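Content type CSV, C-alpha atoms, from the file start-v1.csv:
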```csv
chain,number,residue,atom,x,y,z
A,1,VAL,CA,145.2,50.5,153.3
A,2,GLU,CA,141.8,49.0,152.8
A,3,THR,CA,138.5,49.8,151.2
A,4,LEU,CA,135.0,48.9,152.3
A,5,ALA,CA,132.1,47.6,150.1
A,6,SER,CA,131.1,50.2,147.5
A,7,GLN,CA,134.2,52.2,148.1
A,8,LYS,CA,137.3,52.9,145.9
A,9,THR,CA,140.4,54.9,146.7
A,10,THR,CA,143.7,55.9,145.1
A,11,ILE,CA,147.0,56.2,147.0
A,12,GLU,CA,150.4,57.4,146.0
A,13,LEU,CA,153.4,55.4,147.0
A,14,PRO,CA,156.7,57.0,148.1
A,15,ASP,CA,158.2,56.6,144.5
A,16,LYS,CA,155.1,58.3,143.0
A,17,SER,CA,153.6,55.1,141.8
A,18,ASN,CA,149.8,55.1,142.1
A,19,ILE,CA,147.4,52.3,143.2
A,20,THR,CA,143.7,52.5,142.8
A,21,LEU,CA,141.9,50.0,145.1
A,22,ASN,CA,138.5,48.5,144.1
A,23,ALA,CA,135.8,47.8,146.7
A,24,LEU,CA,136.6,45.3,149.5
A,25,THR,CA,140.4,45.3,148.8
A,26,SER,CA,143.4,45.6,151.0
A,27,ILE,CA,147.1,46.2,150.4
A,28,LYS,CA,150.1,46.1,152.7
A,29,TYR,CA,153.6,47.5,152.1
A,30,ASP,CA,156.7,48.7,154.1
A,31,GLU,CA,156.9,52.5,153.6
A,32,LYS,CA,160.3,52.8,155.4
A,33,ASP,CA,162.0,50.2,153.2
A,34,TRP,CA,160.1,51.0,150.0
A,35,PHE,CA,163.0,52.1,147.8
A,36,ASN,CA,164.9,48.9,148.6
A,37,ASN,CA,161.9,46.6,148.4
A,38,ARG,CA,159.0,47.6,146.2
A,39,GLU,CA,156.6,44.9,147.3
A,40,ILE,CA,152.8,45.1,147.7
A,41,ARG,CA,150.7,42.4,149.4
A,42,LEU,CA,147.3,42.5,147.7
A,43,ASP,CA,144.0,40.9,148.7
A,44,GLY,CA,141.2,42.0,146.3
A,45,GLU,CA,141.5,44.1,143.1
A,46,ALA,CA,143.8,47.0,142.3
A,47,TYR,CA,145.0,49.0,139.3
A,48,PHE,CA,148.7,49.9,139.4
A,49,LYS,CA,150.5,52.7,137.6
A,50,VAL,CA,154.1,51.9,138.5
A,51,ALA,CA,156.9,54.5,138.4
A,52,LYS,CA,160.1,53.3,136.7
A,53,GLY,CA,162.7,52.0,139.2
A,54,LYS,CA,163.7,48.7,140.8
A,55,LYS,CA,161.7,45.6,140.5
A,56,PHE,CA,158.1,46.0,141.7
A,57,ASP,CA,156.3,42.9,143.1
A,58,VAL,CA,152.6,42.4,143.7
A,59,VAL,CA,152.1,39.3,145.9
A,60,THR,CA,148.7,37.6,146.2
A,61,ASN,CA,147.5,34.2,147.6
A,62,ASP,CA,147.2,33.0,144.0
A,63,GLY,CA,150.2,34.3,142.2
A,64,LEU,CA,153.1,36.8,141.9
A,65,VAL,CA,153.2,39.7,139.5
A,66,THR,CA,156.6,41.4,138.7
A,67,VAL,CA,157.2,44.6,136.8
A,68,VAL,CA,159.6,47.4,136.4
A,69,GLY,CA,157.5,50.3,135.3
A,70,THR,CA,154.0,49.8,133.7
A,71,ALA,CA,150.2,50.0,134.2
A,72,PHE,CA,148.3,46.8,135.0
A,73,ASN,CA,145.3,45.4,137.0
A,74,VAL,CA,145.4,42.5,139.4
A,75,LYS,CA,142.2,40.8,140.6
A,76,GLN,CA,142.5,38.1,143.3
A,77,ARG,CA,139.3,36.8,144.7
A,78,LYS,CA,138.2,33.4,145.8
A,79,ASP,CA,139.0,30.9,143.0
A,80,TYR,CA,139.6,33.9,140.7
A,81,PHE,CA,143.0,35.3,139.7
A,82,GLU,CA,143.4,37.7,136.8
A,83,VAL,CA,146.1,40.1,135.5
A,84,LYS,CA,145.5,42.6,132.7
A,85,CYS,CA,148.5,44.5,131.3
A,86,PHE,CA,147.7,48.0,129.9
A,87,GLU,CA,151.2,49.3,129.4
A,88,GLY,CA,154.8,47.9,129.4
A,89,ILE,CA,155.5,44.3,130.3
A,90,VAL,CA,154.3,42.3,133.3
A,91,LYS,CA,155.6,38.9,134.4
A,92,VAL,CA,153.0,36.7,136.1
A,93,THR,CA,153.5,33.4,137.9
A,94,SER,CA,150.8,31.2,139.5
A,95,ASP,CA,151.3,27.6,140.3
A,96,SER,CA,153.5,26.3,137.4
A,97,ILE,CA,152.2,28.8,134.8
A,98,THR,CA,154.5,31.7,134.1
A,99,ARG,CA,153.7,34.3,131.3
A,100,GLU,CA,155.1,37.6,130.2
A,101,LEU,CA,152.3,39.9,129.3
A,102,LEU,CA,152.5,42.8,126.9
A,103,ALA,CA,150.0,45.7,126.7
A,104,GLY,CA,146.6,44.2,125.9
A,105,ASP,CA,147.3,40.7,127.3
A,106,THR,CA,145.2,39.1,130.0
A,107,TYR,CA,146.1,36.1,132.2
A,108,LYS,CA,143.2,34.5,134.0
A,109,ILE,CA,142.7,31.4,136.3
A,110,ILE,CA,139.1,30.8,137.3
A,111,ASN,CA,138.3,27.6,139.4
A,112,GLY,CA,141.8,26.2,138.5
A,113,LYS,CA,141.3,26.7,134.7
A,114,PHE,CA,143.8,28.9,132.9
A,115,THR,CA,143.0,31.1,129.9
A,116,GLU,CA,144.7,33.9,128.0
A,117,SER,CA,142.9,36.7,126.0
A,118,ARG,CA,143.4,40.2,124.6
A,119,ILE,CA,141.8,43.5,125.6
A,120,ASN,CA,141.9,46.8,123.9
A,121,GLN,CA,141.0,49.4,126.6
A,122,ASP,CA,143.7,51.6,128.2
A,123,LYS,CA,142.6,51.1,131.9
A,124,PRO,CA,140.2,48.9,133.8
A,125,PHE,CA,136.5,49.7,133.4
A,126,TRP,CA,135.9,49.6,137.2
A,127,THR,CA,138.0,52.8,137.6
A,128,GLU,CA,135.2,54.4,135.5
A,129,ASN,CA,132.5,53.0,137.8
A,130,MET,CA,131.6,50.1,135.6
A,131,SER,CA,132.2,46.3,135.9
A,132,VAL,CA,132.6,44.5,132.6
A,133,PHE,CA,133.0,40.7,132.1
A,134,GLU,CA,133.7,38.3,129.3
A,135,SER,CA,132.7,34.7,129.6
A,136,ILE,CA,132.8,34.7,133.5
A,137,PRO,CA,130.7,32.4,135.7
A,138,TYR,CA,127.5,34.2,136.8
A,139,ILE,CA,128.4,33.6,140.5
A,140,GLU,CA,131.4,36.0,140.0
A,141,ILE,CA,129.1,38.7,138.6
A,142,LEU,CA,126.8,38.4,141.6
A,143,ALA,CA,129.8,38.6,144.0
A,144,GLU,CA,131.1,41.8,142.2
A,145,LEU,CA,127.6,43.3,142.4
A,146,GLU,CA,127.6,42.6,146.2
A,147,ARG,CA,131.0,44.3,146.6
A,148,GLN,CA,130.1,47.4,144.5
A,149,TYR,CA,126.7,48.0,146.1
A,150,ASN,CA,127.2,46.6,149.6
A,151,ILE,CA,124.2,44.4,149.3
A,152,GLU,CA,123.4,40.7,149.7
A,153,VAL,CA,122.2,38.7,146.7
A,154,THR,CA,120.2,35.5,147.0
A,155,TYR,CA,119.2,33.4,144.0
A,156,LYS,CA,116.6,30.8,143.3
A,157,ASP,CA,116.6,28.4,140.4
A,158,ALA,CA,119.3,30.4,138.7
A,159,ASN,CA,122.2,28.6,137.1
A,160,ILE,CA,125.1,30.5,138.7
A,161,ASN,CA,127.8,28.6,136.7
A,162,ARG,CA,126.5,29.8,133.3
A,163,LEU,CA,129.0,32.1,131.6
A,164,PHE,CA,128.1,35.8,131.4
A,165,THR,CA,129.4,38.5,129.0
A,166,GLY,CA,128.4,42.0,129.7
A,167,GLY,CA,128.6,44.6,132.5
A,168,PHE,CA,126.9,46.8,135.0
A,169,VAL,CA,127.2,50.4,136.3
A,170,HIS,CA,128.2,51.2,139.9
A,171,ASN,CA,125.9,54.1,140.5
A,172,ASN,CA,122.4,52.8,139.9
A,173,LEU,CA,121.4,49.4,141.4
A,174,GLU,CA,118.2,48.9,139.4
A,175,ASN,CA,120.0,49.6,136.1
A,176,ALA,CA,122.8,47.3,137.2
A,177,LEU,CA,120.4,44.5,138.0
A,178,ILE,CA,118.6,44.9,134.6
A,179,SER,CA,121.9,44.7,132.8
A,180,ILE,CA,122.9,41.4,134.5
A,181,THR,CA,119.4,39.7,134.6
A,182,GLN,CA,117.8,40.4,131.2
A,183,PRO,CA,120.5,38.7,129.1
A,184,MET,CA,120.2,35.6,131.3
A,185,ASN,CA,116.4,35.5,131.2
A,186,LEU,CA,116.3,36.1,135.0
A,187,LYS,CA,114.1,38.4,137.1
A,188,PHE,CA,115.1,40.4,140.2
A,189,GLU,CA,113.4,41.8,143.3
A,190,ILE,CA,114.9,44.4,145.6
A,191,ASN,CA,113.5,43.5,149.0
A,192,SER,CA,115.2,46.0,151.3
A,193,SER,CA,118.1,48.4,151.2
A,194,ASN,CA,120.6,45.6,151.1
A,195,ASP,CA,118.8,42.4,150.0
A,196,VAL,CA,118.2,41.4,146.4
A,197,MET,CA,116.6,38.2,145.1
A,198,ILE,CA,117.4,36.9,141.6
A,199,TYR,CA,115.2,34.2,140.2
A,200,GLU,CA,114.2,32.4,137.0
A,201,ASP,CA,111.0,33.7,135.3
```
This structure in structure tokens:
Amino acid sequence: VETLASQKTTIELPDKSNITLNALTSIKYDEKDWFNNREIRLDGEAYFKVAKGKKFDVVTNDGLVTVVGTAFNVKQRKDYFEVKCFEGIVKVTSDSITRELLAGDTYKIINGKFTESRINQDKPFWTENMSVFESIPYIEILAELERQYNIEVTYKDANINRLFTGGFVHNNLENALISITQPMNLKFEINSSNDVMIYED
């Protein structure tokens, strides 16, 4: 199952578990052998509500997430691996770092650097058509904007490694751009239906 840019979808697995896929995400699983082997191969970002049962594995290029029955979000993009637990217990292993996450725990590796933090929402913001970030390199915010709006962002004289805290909506490009440029003292220009320039004032 895969989604395109600016598209989200929810699917139900044979055991009544639900997976909501964010934009530009794909999953693979074996429907025939599902009850013996609850394993999902994920590329992108997805929110899982897992029905209780045998072990449930989410396999990504950057790490393995194992649960029994719970709600959690996994984001795996280039140089970015993050797991947020919303309910139950999730076991995460990436490289040599293994953690057991309880509800509210976050496990994050960005550009090889590992951090842990806490959240207090009950599901990912993106399932409500909003992207929210806390101390994330600006380049990641631009990449997420491109995925959500199916646009191309170019930047001039903008420090894309600065950390950004904030968010943007998925249903109004101009509002989204104001939200991510004003706090960084940047300007934007929408050149055509899918080309945006971000630059320093």
Next item on the list: Please provide the set of residues having any atom within 9 Å of Gly53 in chain A, restricted to all atoms listed in the file, with same-chain residues fewer than 5 positions apart removed, written as number ranges by chain.
Entry: A: 15, 35, 68-69
Next item on the list: With a distance cut-off of 12 Å and only C-alpha atoms, select the neighbouring residues of Trp34 in chain A, excluding the residue or stretch itself and same-chain residues fewer than 6 positions from it, and output the selection as a list of chain:residue names.
Entry: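 The residues satisfying every condition are A:Leu13, A:Pro14, A:Asp15, A:Lys16, A:Ser17, A:Lys28, A:Ile40, A:Gly53, A:Lys54, A:Lys55, A:Phe56, A:Asp57.
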Note to self: Could you list, as a ChimeraX atom specification, every residue within 10 Å of Ala158 in chain A, counting only C-alpha atoms and ignoring same-chain residues fewer than 5 positions away?
What the structure shows: /A:138-139,184-187,198-201
Note to self: Env of Pro183 in chain A: 10 Å cut, atoms = only C-alpha atoms, seq-sep filter 2 positions within chain, self excluded. Answer as a ChimeraX atom specification.
What the structure shows: /A:164-166,178-181,185-186
Checklist line | Which of A:Asp43, A:Asp33, A:Asp95, A:Glu128 sits closest to Gly63 in chain A [using only C-alpha atoms] | finding: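 Under the stated criterion, the closest residue is A:Asp95.
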